[in-house]
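**Student:** This is coords-v9.txt (compact mmCIF, C-alpha atoms).
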```
# COMPACT_ATOMS: atom_id res chain seq x y z
CA MET A 1 0.00 0.00 0.00
CA GLN A 2 2.81 2.39 0.91
CA LYS A 3 4.66 1.58 -2.33
CA GLN A 4 1.49 2.27 -4.34
CA SER A 5 1.05 5.61 -2.55
CA ILE A 6 4.61 6.61 -3.38
CA GLN A 7 4.10 5.71 -7.06
CA THR A 8 0.86 7.71 -7.16
CA PHE A 9 2.63 10.70 -5.59
CA LEU A 10 5.50 10.51 -8.10
CA GLN A 11 3.08 10.27 -11.05
CA THR A 12 1.08 13.24 -9.77
CA LYS A 13 4.29 15.20 -9.25
CA SER A 14 5.45 14.36 -12.79
CA ILE A 15 2.12 15.43 -14.33
CA LEU A 16 2.19 18.66 -12.33
CA THR A 17 5.76 19.36 -13.49
CA TYR A 18 4.77 18.94 -17.15
CA LEU A 19 1.71 21.16 -16.68
CA ILE A 20 3.94 23.89 -15.19
CA LEU A 21 6.47 23.57 -18.04
CA ILE A 22 3.77 23.66 -20.74
CA THR A 23 2.14 26.66 -19.06
CA LEU A 24 5.54 28.36 -19.03
CA LEU A 25 6.01 27.60 -22.73
CA ILE A 26 2.58 29.00 -23.65
CA SER A 27 3.25 32.13 -21.54
CA VAL A 28 6.59 32.70 -23.26
CA ILE A 29 5.01 32.26 -26.71
CA ILE A 30 2.37 34.88 -25.85
CA LEU A 31 5.10 37.17 -24.54
CA GLY A 32 7.20 36.59 -27.67
CA VAL A 33 4.42 37.61 -30.06
CA SER A 34 3.28 40.59 -27.93
CA ILE A 35 6.59 42.40 -27.41
CA GLY A 36 8.51 44.12 -30.18
CA THR A 37 8.87 47.40 -32.04
CA VAL A 38 5.08 47.53 -31.98
CA SER A 39 3.84 46.55 -28.52
CA ILE A 40 0.56 44.61 -28.62
CA PRO A 41 -1.69 44.56 -25.52
CA LEU A 42 -2.19 41.16 -23.91
CA LYS A 43 -5.99 41.26 -24.38
CA ASP A 44 -5.54 41.85 -28.12
CA THR A 45 -3.04 38.98 -28.36
CA LEU A 46 -5.42 36.62 -26.57
CA ALA A 47 -8.33 37.78 -28.79
CA ILE A 48 -6.26 37.05 -31.90
CA PHE A 49 -5.30 33.57 -30.66
CA LYS A 50 -8.92 32.88 -29.76
CA GLY A 51 -9.99 33.90 -33.26
CA PHE A 52 -7.33 31.64 -34.77
CA LEU A 53 -8.16 28.61 -32.61
CA PHE A 54 -11.94 28.84 -32.96
CA ASN A 55 -11.99 30.28 -36.49
CA SER A 56 -13.93 33.34 -35.32
CA THR A 57 -13.78 36.91 -36.63
CA VAL A 58 -11.28 39.27 -35.02
CA PRO A 59 -12.48 42.86 -34.32
CA GLU A 60 -11.54 45.34 -37.07
CA SER A 61 -9.71 47.52 -34.55
CA ILE A 62 -6.98 44.88 -34.04
CA SER A 63 -6.72 43.55 -37.60
CA MET A 64 -3.30 45.19 -38.03
CA HIS A 65 -2.10 43.49 -34.85
CA GLU A 66 -3.45 40.20 -36.19
CA ASN A 67 -1.26 40.52 -39.28
CA ILE A 68 1.84 41.31 -37.17
CA ILE A 69 1.26 38.35 -34.87
CA MET A 70 0.13 35.69 -37.35
CA ASN A 71 2.40 36.49 -40.29
CA ILE A 72 5.53 37.99 -38.69
CA ARG A 73 6.00 37.16 -35.02
CA LEU A 74 4.32 33.77 -34.56
CA PRO A 75 6.33 32.02 -37.34
CA ARG A 76 9.49 33.49 -35.83
CA VAL A 77 8.57 32.31 -32.32
CA ALA A 78 7.61 28.88 -33.71
CA ILE A 79 11.00 28.53 -35.42
CA ALA A 80 12.83 29.59 -32.24
CA GLY A 81 10.83 27.06 -30.22
CA LEU A 82 11.38 24.20 -32.69
CA VAL A 83 15.11 24.92 -33.02
CA GLY A 84 15.54 25.22 -29.24
CA ALA A 85 13.66 21.95 -28.68
CA SER A 86 15.65 20.17 -31.42
CA LEU A 87 19.10 21.22 -30.21
CA SER A 88 18.26 20.52 -26.56
CA LEU A 89 16.94 17.05 -27.37
CA VAL A 90 20.01 16.21 -29.47
CA GLY A 91 22.29 17.50 -26.71
CA ALA A 92 20.53 15.32 -24.11
CA ALA A 93 20.75 12.27 -26.39
CA PHE A 94 24.43 12.77 -27.28
CA GLN A 95 25.39 13.43 -23.66
CA GLY A 96 23.70 10.18 -22.64
CA LEU A 97 25.19 8.23 -25.54
CA LEU A 98 28.74 9.50 -24.97
CA ARG A 99 28.39 9.75 -21.18
CA ASN A 100 29.74 13.27 -21.07
CA PRO A 101 27.92 16.59 -20.35
CA LEU A 102 30.25 18.38 -22.80
CA ALA A 103 28.80 16.57 -25.82
CA ASP A 104 26.38 18.51 -28.03
CA PRO A 105 25.93 19.23 -31.76
CA PHE A 106 28.11 22.36 -31.48
CA THR A 107 31.11 20.84 -29.69
CA LEU A 108 31.05 17.71 -31.86
CA GLY A 109 31.27 19.82 -35.03
CA ILE A 110 27.89 18.64 -36.36
CA SER A 111 26.43 22.16 -36.36
CA SER A 112 29.41 23.40 -38.37
CA GLY A 113 29.01 20.52 -40.82
CA ALA A 114 25.32 21.31 -41.28
CA SER A 115 26.22 24.98 -41.71
CA VAL A 116 28.70 24.13 -44.48
CA GLY A 117 25.92 22.20 -46.24
CA ALA A 118 23.57 25.20 -45.96
CA VAL A 119 26.20 27.71 -47.08
CA MET A 120 27.22 25.55 -50.05
CA THR A 121 23.57 25.32 -51.09
CA ILE A 122 23.29 29.12 -51.01
CA PHE A 123 26.73 29.73 -52.55
CA PHE A 124 26.30 27.37 -55.51
CA GLY A 125 22.55 27.91 -55.84
CA ILE A 126 21.89 24.18 -55.51
CA SER A 127 18.31 23.06 -56.08
CA ILE A 128 17.23 19.41 -56.21
CA PRO A 129 14.00 19.24 -58.27
CA MET A 130 12.42 16.37 -56.37
CA PHE A 131 13.04 18.10 -53.01
CA ASN A 132 12.26 21.74 -53.94
CA LEU A 133 11.55 23.46 -50.59
CA TYR A 134 13.48 20.76 -48.70
CA THR A 135 16.74 21.00 -50.68
CA LEU A 136 18.46 23.14 -48.02
CA PRO A 137 17.58 20.97 -44.98
CA PHE A 138 18.28 17.77 -46.93
CA ILE A 139 21.81 18.88 -47.84
CA SER A 140 22.38 20.24 -44.31
CA ILE A 141 21.35 16.90 -42.79
CA ILE A 142 23.62 14.95 -45.17
CA ALA A 143 26.53 17.31 -44.40
CA ALA A 144 25.88 17.00 -40.65
CA PHE A 145 25.87 13.22 -40.78
CA ILE A 146 29.01 13.05 -42.96
CA THR A 147 30.78 15.38 -40.52
CA LEU A 148 29.76 13.16 -37.60
CA ILE A 149 31.05 10.01 -39.35
CA ILE A 150 34.37 11.74 -40.19
CA VAL A 151 34.80 13.00 -36.61
CA ILE A 152 34.16 9.54 -35.12
CA THR A 153 36.41 7.83 -37.70
CA PHE A 154 39.34 10.17 -37.01
CA ALA A 155 38.79 9.96 -33.27
CA ARG A 156 38.89 6.15 -33.50
CA LYS A 157 42.20 6.28 -35.41
CA ILE A 158 43.70 8.62 -32.81
CA ASP A 159 42.34 6.70 -29.83
CA GLY A 160 41.16 3.11 -30.35
CA SER A 161 39.13 3.21 -27.14
CA LEU A 162 37.23 6.19 -28.57
CA ARG A 163 37.24 8.22 -25.35
CA VAL A 164 34.74 11.06 -25.23
CA GLU A 165 37.48 13.66 -24.73
CA THR A 166 39.08 12.53 -28.00
CA ILE A 167 35.75 12.76 -29.87
CA ILE A 168 35.09 16.27 -28.55
CA LEU A 169 38.61 17.52 -29.34
CA THR A 170 38.35 16.03 -32.85
CA GLY A 171 34.96 17.73 -33.24
CA ILE A 172 36.42 21.09 -32.24
CA VAL A 173 39.32 20.66 -34.71
CA PHE A 174 36.96 19.81 -37.57
CA SER A 175 34.66 22.65 -36.57
CA SER A 176 37.61 25.05 -36.96
CA PHE A 177 38.44 23.56 -40.36
CA LEU A 178 34.84 23.87 -41.55
CA SER A 179 34.70 27.47 -40.29
CA ALA A 180 37.75 28.21 -42.44
CA LEU A 181 36.00 26.61 -45.42
CA ILE A 182 32.98 28.83 -44.86
CA SER A 183 35.25 31.89 -44.58
CA LEU A 184 36.70 30.98 -47.96
CA MET A 185 33.23 30.89 -49.51
CA ILE A 186 32.40 34.23 -47.87
CA THR A 187 35.53 35.72 -49.45
CA LEU A 188 34.48 34.50 -52.89
CA THR A 189 30.79 35.33 -52.60
CA GLY A 190 28.93 38.39 -53.81
CA GLU A 191 25.22 38.98 -53.39
CA GLU A 192 24.81 36.01 -51.03
CA LEU A 193 27.20 37.52 -48.45
CA ARG A 194 24.54 38.89 -46.11
CA GLN A 195 22.55 35.65 -46.18
CA ILE A 196 25.64 33.53 -45.44
CA ILE A 197 26.69 35.80 -42.56
CA GLY A 198 23.18 35.35 -41.18
CA TRP A 199 23.62 31.56 -41.13
CA LEU A 200 26.93 31.85 -39.30
CA LEU A 201 25.67 34.17 -36.56
CA GLY A 202 22.38 32.34 -36.09
CA SER A 203 19.07 34.13 -36.42
CA VAL A 204 15.34 33.50 -36.67
CA ALA A 205 14.57 36.98 -38.01
CA MET A 206 12.49 37.29 -41.18
CA ARG A 207 11.26 33.71 -40.93
CA SER A 208 7.89 32.70 -42.36
CA TRP A 209 5.50 29.77 -42.16
CA GLU A 210 7.45 28.29 -45.07
CA HIS A 211 10.45 27.87 -42.75
CA VAL A 212 8.20 26.18 -40.18
CA LEU A 213 7.15 23.69 -42.88
CA ILE A 214 10.83 23.06 -43.68
CA ILE A 215 11.84 22.04 -40.15
CA LEU A 216 8.59 20.48 -38.93
CA PRO A 217 8.68 17.03 -40.65
CA PHE A 218 12.33 16.48 -39.69
CA PHE A 219 11.56 17.65 -36.13
CA VAL A 220 8.67 15.19 -35.77
CA ILE A 221 10.59 12.20 -37.19
CA GLY A 222 13.90 12.93 -35.42
CA SER A 223 12.25 13.65 -32.06
CA PHE A 224 10.11 10.53 -32.27
CA ILE A 225 13.17 8.34 -32.94
CA LEU A 226 15.22 9.81 -30.08
CA LEU A 227 12.37 9.71 -27.55
CA LEU A 228 11.71 6.11 -28.58
CA ASN A 229 15.30 5.27 -27.59
CA ALA A 230 15.17 6.90 -24.14
CA ARG A 231 15.45 3.54 -22.31
CA GLU A 232 18.46 2.54 -24.42
CA LEU A 233 20.13 5.86 -23.56
CA ASN A 234 19.61 5.04 -19.88
CA ALA A 235 21.49 1.81 -20.53
CA PHE A 236 24.27 3.63 -22.42
CA SER A 237 24.79 5.91 -19.41
CA PHE A 238 26.17 2.88 -17.52
CA GLY A 239 28.58 2.04 -20.36
CA GLU A 240 28.38 0.08 -23.59
CA ASP A 241 29.32 -3.22 -21.94
CA GLN A 242 26.49 -2.90 -19.47
CA ALA A 243 24.10 -1.96 -22.30
CA LYS A 244 25.13 -5.11 -24.22
CA HIS A 245 24.67 -7.18 -21.09
CA ILE A 246 21.01 -6.18 -20.77
CA GLY A 247 20.31 -6.91 -24.43
CA VAL A 248 20.82 -3.58 -26.24
CA ASN A 249 22.12 -3.85 -29.81
CA VAL A 250 24.80 -1.22 -29.14
CA ASP A 251 26.10 -0.62 -32.67
CA ARG A 252 22.66 -0.39 -34.25
CA LYS A 253 21.18 1.82 -31.53
CA LYS A 254 24.22 4.10 -31.55
CA MET A 255 23.88 4.59 -35.31
CA VAL A 256 20.11 5.23 -35.06
CA ILE A 257 20.63 7.87 -32.35
CA LEU A 258 23.45 9.55 -34.29
CA ILE A 259 21.41 9.64 -37.52
CA ALA A 260 18.34 11.07 -35.73
CA GLY A 261 20.56 13.65 -33.99
CA SER A 262 22.12 14.66 -37.31
CA MET A 263 18.64 14.97 -38.84
CA LEU A 264 17.44 17.33 -36.11
CA THR A 265 20.66 19.36 -36.14
CA GLY A 266 20.75 19.71 -39.93
CA ALA A 267 17.11 20.78 -40.10
CA ALA A 268 17.59 23.29 -37.26
CA VAL A 269 20.69 24.81 -38.87
CA SER A 270 18.94 25.02 -42.25
CA VAL A 271 16.33 27.44 -40.87
CA SER A 272 18.26 29.29 -38.16
CA GLY A 273 21.99 29.00 -38.86
CA VAL A 274 24.48 28.00 -36.20
CA ILE A 275 23.16 28.60 -32.69
CA GLY A 276 25.69 27.31 -30.20
CA PHE A 277 25.55 26.02 -26.62
CA VAL A 278 21.78 25.35 -26.47
CA GLY A 279 22.31 21.59 -26.68
CA LEU A 280 25.06 21.85 -24.08
CA VAL A 281 23.50 24.10 -21.45
CA ILE A 282 19.82 23.07 -21.38
CA PRO A 283 20.21 19.28 -20.85
CA HIS A 284 22.86 19.94 -18.18
CA PHE A 285 20.50 22.36 -16.42
CA VAL A 286 17.55 19.94 -16.66
CA ARG A 287 19.69 17.04 -15.43
CA ILE A 288 20.65 18.97 -12.29
CA ILE A 289 17.02 19.84 -11.49
CA PHE A 290 15.09 16.74 -12.59
CA GLY A 291 17.72 13.98 -12.61
CA PRO A 292 19.46 11.90 -15.32
CA GLU A 293 16.55 9.58 -16.24
CA HIS A 294 16.26 10.03 -20.03
CA ILE A 295 12.56 9.20 -20.20
CA SER A 296 12.01 12.37 -18.16
CA LEU A 297 15.14 14.31 -19.15
CA MET A 298 14.55 14.39 -22.91
CA PRO A 299 10.98 15.77 -23.13
CA LYS A 300 11.71 18.30 -20.37
CA SER A 301 14.87 19.38 -22.20
CA MET A 302 12.76 19.94 -25.33
CA ILE A 303 10.25 22.17 -23.53
CA ILE A 304 12.86 24.16 -21.59
CA GLY A 305 15.05 24.43 -24.71
CA ALA A 306 12.11 25.91 -26.62
CA VAL A 307 11.41 28.36 -23.75
CA PHE A 308 15.08 29.35 -23.58
CA LEU A 309 15.48 30.10 -27.28
CA ILE A 310 12.19 32.02 -27.52
CA ILE A 311 13.37 34.20 -24.60
CA ALA A 312 16.83 34.57 -26.18
CA ASP A 313 15.20 35.70 -29.44
CA LEU A 314 13.01 38.16 -27.54
CA VAL A 315 16.09 39.62 -25.83
CA SER A 316 17.90 39.85 -29.18
CA ARG A 317 14.98 41.87 -30.56
CA ILE A 318 14.59 44.41 -27.76
CA ILE A 319 18.05 44.86 -26.24
CA ILE A 320 19.27 47.36 -28.86
CA GLN A 321 16.03 48.47 -30.54
CA PRO A 322 15.39 49.25 -33.35
CA GLN A 323 18.34 47.03 -34.37
CA GLU A 324 18.56 43.32 -33.58
CA LEU A 325 21.34 41.14 -32.25
CA PRO A 326 21.79 37.70 -33.83
CA ILE A 327 20.33 35.09 -31.49
CA GLY A 328 23.59 33.15 -31.65
CA VAL A 329 25.33 36.03 -29.89
CA ILE A 330 22.90 35.80 -26.96
CA THR A 331 23.26 32.03 -26.59
CA ALA A 332 27.07 32.26 -26.82
CA LEU A 333 27.23 34.96 -24.13
CA ILE A 334 25.21 32.71 -21.82
CA GLY A 335 26.60 29.34 -22.92
CA ALA A 336 30.35 29.96 -23.10
CA PRO A 337 30.79 30.72 -19.36
CA ILE A 338 28.62 27.70 -18.46
CA PHE A 339 30.70 25.54 -20.82
CA ALA A 340 33.82 26.68 -18.94
CA VAL A 341 32.23 25.84 -15.57
CA ILE A 342 31.21 22.35 -16.77
CA LEU A 343 34.71 21.78 -18.16
CA ILE A 344 36.32 22.77 -14.84
CA ARG A 345 33.90 20.55 -12.89
CA GLN A 346 34.69 17.61 -15.19
CA LYS A 347 38.42 18.20 -14.70
CA VAL A 348 38.05 18.34 -10.89
CA LYS A 349 35.87 15.20 -10.96
CA GLY A 350 38.49 13.41 -13.07
CA VAL A 351 41.27 14.36 -10.63
CA ARG A 352 39.22 13.11 -7.66
CA ASN A 353 38.44 9.82 -9.36
CA SER A 354 42.10 9.29 -10.20
```
Would you mind writing the structure in this file as structure tokens?
**Tutor:**
Amino acid sequence: MQKQSIQTFLQTKSILTYLILITLLISVIILGVSIGTVSIPLKDTLAIFKGFLFNSTVPESISMHENIIMNIRLPRVAIAGLVGASLSLVGAAFQGLLRNPLADPFTLGISSGASVGAVMTIFFGISIPMFNLYTLPFISIIAAFITLIIVITFARKIDGSLRVETIILTGIVFSSFLSALISLMITLTGEELRQIIGWLLGSVAMRSWEHVLIILPFFVIGSFILLLNARELNAFSFGEDQAKHIGVNVDRKKMVILIAGSMLTGAAVSVSGVIGFVGLVIPHFVRIIFGPEHISLMPKSMIIGAVFLIIADLVSRIIIQPQELPIGVITALIGAPIFAVILIRQKVKGVRNS
């Protein structure tokens, strides 16, 4: 009876936690579409959302606000939320897979690989007829996955045991090389210069519902695959040998997780450019508060990652009005110091263990 009461309490607590997080996400979305160069009253914002949800007519007096929210701000907020959720989920999955809180798409060089794919598509004007709208994310995903394979292959040649530190250092080296490659294309480019710079700095400005359609299918598929492998990631956190012992097909599951992570990262980069440290900071933060259990960690990382990037975008819009800061600048200013703290803590932990 006591055990059943404890389980009921934990389930109620978990449901309450998710309700709080979802309420926070909805509140941040409303805030994100209300604040800007033109400030929109909360009652007007709620009236517009009500009209959208129930297909009712919006009063003529707020029709201009409706256009601003539905066609300018809401797609931008949606992109920020989807990108934040994607990067946070991938970070949580990679950190569990590699058993290191320093692992994320940015530090492993995957974001840079996806960025090279996006920049090459813009630079060479690549268009695949059968993909049309999805040419850019498709090439970004392929480039992200190729980069990941190259990083792991080189890391294995350097260190046969494939230690996480070796993978991360190899990722940073390749990220620097890919950045140089992008710089070369920037030097040679002409009219595309501004667009390419936008990809490098990371931004969700001037995004439309078309961009939401670009990322959405990859987000749904990639997220579903990673969430489906939450139990396997719990097993990986105890080591690959332990995972094999309990019946996990380690090589296959590792490849599935890496492919899904590359899919999410490539799609995110294709619509927002390189936004660093989200996949590093958010899962680490969620792990401290809610624990390392991936069945709980991953969905909560998605929600909090979406909240974080929507707020970061809001700050980037209002901090130096009427100009805007690239969202990647905001995340780097927050993430870089936290990265340093995590690195120091890992070093201290390693010294203690030795």
**Student:** Skip Val281 in chain A itself and residues of its chain fewer than 5 positions away, then list as a ChimeraX atom specification all residues within 10 Å of it, counting only C-alpha atoms.
**Tutor:** /A:88,91-92,101-102,104,276,286,301,305,331,334-336,338-339,342
**Student:** When distances are computed from all atoms listed in the file, which of A:Leu108, A:Ile257, A:Ile128, A:Ile214 shows the smallest separation from Phe174 in chain A?
**Tutor:**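 Comparing A:Leu108, A:Ile257, A:Ile128, A:Ile214 against Phe174 in chain A, the winner is A:Leu108.
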**Student:** Return the single residue from A:Leu24, A:Asp241, A:Val38, A:Leu297 that is closest to Gln321 in chain A, with distances computed using all atoms listed in the file.
**Tutor:** A:Val38
**Student:** Which residue, A:Phe290, A:Trp209, A:Phe308, A:Phe285, has the smallest gap to Ala80 in chain A when you use all atoms listed in the file?
**Tutor:**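 Between A:Phe290, A:Trp209, A:Phe308, A:Phe285, the residue approaching Ala80 in chain A most closely is A:Phe308.
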**Student:** Just the number, please: distance in Å from CA of Ile303 in chain A to CA of Gly84 in chain A, one decimal.
**Tutor:** 8.4 Å
**Student:** What is the CA of Val58 in chain A to CA of Thr45 in chain A distance in Å?
**Tutor:** 10.6 Å
**Student:** By how many Å are CA of Arg76 in chain A and CA of Leu309 in chain A apart?
**Tutor:**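 Separating CA of Arg76 in chain A from CA of Leu309 in chain A is a distance of 11.0 Å.
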**Student:** Could you name the residues that touch Gly328 in chain A at 8 Å or less, counting all atoms listed in the file, but leaving out those on the same chain fewer than 2 positions away, as a VMD selection string?
**Tutor:** chain A and resid 201 to 203 274 to 276 326 330 to 332
**Student:** Kindly save the residues from that selection, with C-alpha atoms included, as a PDB file, in the frame of the given file.
**Tutor:**
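So the final result, stored in again35.pdb, reads:
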```
ATOM      1  CA  LEU A 201      25.670  34.170 -36.560  1.00  0.00           C
ATOM      2  CA  GLY A 202      22.380  32.340 -36.090  1.00  0.00           C
ATOM      3  CA  SER A 203      19.070  34.130 -36.420  1.00  0.00           C
ATOM      4  CA  VAL A 274      24.480  28.000 -36.200  1.00  0.00           C
ATOM      5  CA  ILE A 275      23.160  28.600 -32.690  1.00  0.00           C
ATOM      6  CA  GLY A 276      25.690  27.310 -30.200  1.00  0.00           C
ATOM      7  CA  PRO A 326      21.790  37.700 -33.830  1.00  0.00           C
ATOM      8  CA  ILE A 330      22.900  35.800 -26.960  1.00  0.00           C
ATOM      9  CA  THR A 331      23.260  32.030 -26.590  1.00  0.00           C
ATOM     10  CA  ALA A 332      27.070  32.260 -26.820  1.00  0.00           C
TER      11      ALA A 332
END
```
**Student:** Residues near Glu66 in chain A, anyone? I mean within 9 Å using only C-alpha atoms, not counting same-chain ones fewer than 4 positions away, as a PyMOL selection string.
**Tutor:** chain A and resi 44-45+48-49+58+62+70-71
**Student:** Which neighbours of Arg99 in chain A fall inside 10 Å, counting all atoms listed in the file, when residues of the same chain fewer than 4 positions from it are skipped, and could you give them as a list of chain:residue names?
**Tutor:** A:Ala93, A:Phe94, A:Gln95, A:Ala103, A:Arg163, A:Val164, A:Leu233, A:Phe236, A:Ser237, A:Phe238, A:Gly239, A:Glu240
**Student:** Write to file, as a compact mmCIF listing (two decimals), in the coordinates of the input, the residues of the selection just made, with C-alpha atoms.
**Tutor:**
```txt
# COMPACT_ATOMS: atom_id res chain seq x y z
CA ALA A 93 20.75 12.27 -26.39
CA PHE A 94 24.43 12.77 -27.28
CA GLN A 95 25.39 13.43 -23.66
CA ALA A 103 28.80 16.57 -25.82
CA ARG A 163 37.24 8.22 -25.35
CA VAL A 164 34.74 11.06 -25.23
CA LEU A 233 20.13 5.86 -23.56
CA PHE A 236 24.27 3.63 -22.42
CA SER A 237 24.79 5.91 -19.41
CA PHE A 238 26.17 2.88 -17.52
CA GLY A 239 28.58 2.04 -20.36
CA GLU A 240 28.38 0.08 -23.59
```
**Student:** Could you work out an axis-aligned box for range 121-127 of chain A, taking every atom the file lists and adding 6 Å on each side, and report centre and edge lengths in Å to one decimal, as lines of an AutoDock Vina configuration file?
**Tutor:**
```
center_x = 22.5
center_y = 26.4
center_z = -53.5
size_x = 20.4
size_y = 18.7
size_z = 17.1
```
**Student:** Using all atoms listed in the file, pick whichever of A:Ile319, A:Thr187, A:Ala85, A:His65 has the shortest atom-to-atom distance to Phe123 in chain A.
**Tutor:**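 Distance minimum relative to Phe123 in chain A lands on A:Thr187.
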**Student:** With a distance cut-off of 9 Å and all atoms listed in the file, select the neighbouring residues of Glu165 in chain A, excluding the residue or stretch itself and same-chain residues fewer than 3 positions from it, and output the selection as an MDAnalysis selection string.
**Tutor:** chainID A and resid 100 102 162 168:170
**Student:** For the selection you just gave me, I'd like the residues written to a file as a PDB file, keeping the file's coordinate frame, keeping C-alpha atoms.
**Tutor:**
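Result saved to part.pdb:
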```
ATOM      1  CA  ASN A 100      29.740  13.270 -21.070  1.00  0.00           C
ATOM      2  CA  LEU A 102      30.250  18.380 -22.800  1.00  0.00           C
ATOM      3  CA  LEU A 162      37.230   6.190 -28.570  1.00  0.00           C
ATOM      4  CA  ILE A 168      35.090  16.270 -28.550  1.00  0.00           C
ATOM      5  CA  LEU A 169      38.610  17.520 -29.340  1.00  0.00           C
ATOM      6  CA  THR A 170      38.350  16.030 -32.850  1.00  0.00           C
TER       7      THR A 170
END
```
**Student:** Between A:Ser262, A:Ser63, A:Ser27, A:Ser208, which has the minimum distance to Ala306 in chain A (counting only C-alpha atoms)?
**Tutor:**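 Closest to Ala306 in chain A of all the choices is A:Ser27.
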**Student:** Please, could N, CA and C atoms be added to range 285-297 of chain A and the result written as an mmCIF file, in the coordinates of the input?
**Tutor:**
```cif
data_model
loop_
_atom_site.group_PDB
_atom_site.id
_atom_site.type_symbol
_atom_site.label_atom_id
_atom_site.label_comp_id
_atom_site.auth_asym_id
_atom_site.auth_seq_id
_atom_site.Cartn_x
_atom_site.Cartn_y
_atom_site.Cartn_z
ATOM 1 N N PHE A 285 21.362 21.660 -17.380
ATOM 2 C CA PHE A 285 20.500 22.360 -16.420
ATOM 3 C C PHE A 285 19.333 21.462 -15.988
ATOM 4 N N VAL A 286 18.697 20.813 -16.949
ATOM 5 C CA VAL A 286 17.550 19.940 -16.660
ATOM 6 C C VAL A 286 17.998 18.731 -15.842
ATOM 7 N N ARG A 287 19.174 18.199 -16.154
ATOM 8 C CA ARG A 287 19.690 17.040 -15.430
ATOM 9 C C ARG A 287 19.920 17.364 -13.954
ATOM 10 N N ILE A 288 20.411 18.552 -13.671
ATOM 11 C CA ILE A 288 20.650 18.970 -12.290
ATOM 12 C C ILE A 288 19.331 19.068 -11.519
ATOM 13 N N ILE A 289 18.300 19.612 -12.173
ATOM 14 C CA ILE A 289 17.020 19.840 -11.490
ATOM 15 C C ILE A 289 16.159 18.583 -11.410
ATOM 16 N N PHE A 290 16.056 17.843 -12.525
ATOM 17 C CA PHE A 290 15.090 16.740 -12.590
ATOM 18 C C PHE A 290 15.728 15.344 -12.579
ATOM 19 N N GLY A 291 17.063 15.280 -12.642
ATOM 20 C CA GLY A 291 17.720 13.980 -12.610
ATOM 21 C C GLY A 291 18.098 13.473 -13.995
ATOM 22 N N PRO A 292 18.892 12.378 -14.043
ATOM 23 C CA PRO A 292 19.460 11.900 -15.320
ATOM 24 C C PRO A 292 18.596 10.908 -16.092
ATOM 25 N N GLU A 293 17.419 10.546 -15.564
ATOM 26 C CA GLU A 293 16.550 9.580 -16.240
ATOM 27 C C GLU A 293 16.091 10.133 -17.592
ATOM 28 N N HIS A 294 16.493 9.473 -18.693
ATOM 29 C CA HIS A 294 16.260 10.030 -20.030
ATOM 30 C C HIS A 294 14.784 10.079 -20.427
ATOM 31 N N ILE A 295 13.982 9.179 -19.882
ATOM 32 C CA ILE A 295 12.560 9.200 -20.200
ATOM 33 C C ILE A 295 11.930 10.511 -19.731
ATOM 34 N N SER A 296 12.470 11.067 -18.661
ATOM 35 C CA SER A 296 12.010 12.370 -18.160
ATOM 36 C C SER A 296 12.876 13.511 -18.688
ATOM 37 N N LEU A 297 14.177 13.273 -18.760
ATOM 38 C CA LEU A 297 15.140 14.310 -19.150
ATOM 39 C C LEU A 297 14.892 14.859 -20.551
#
```
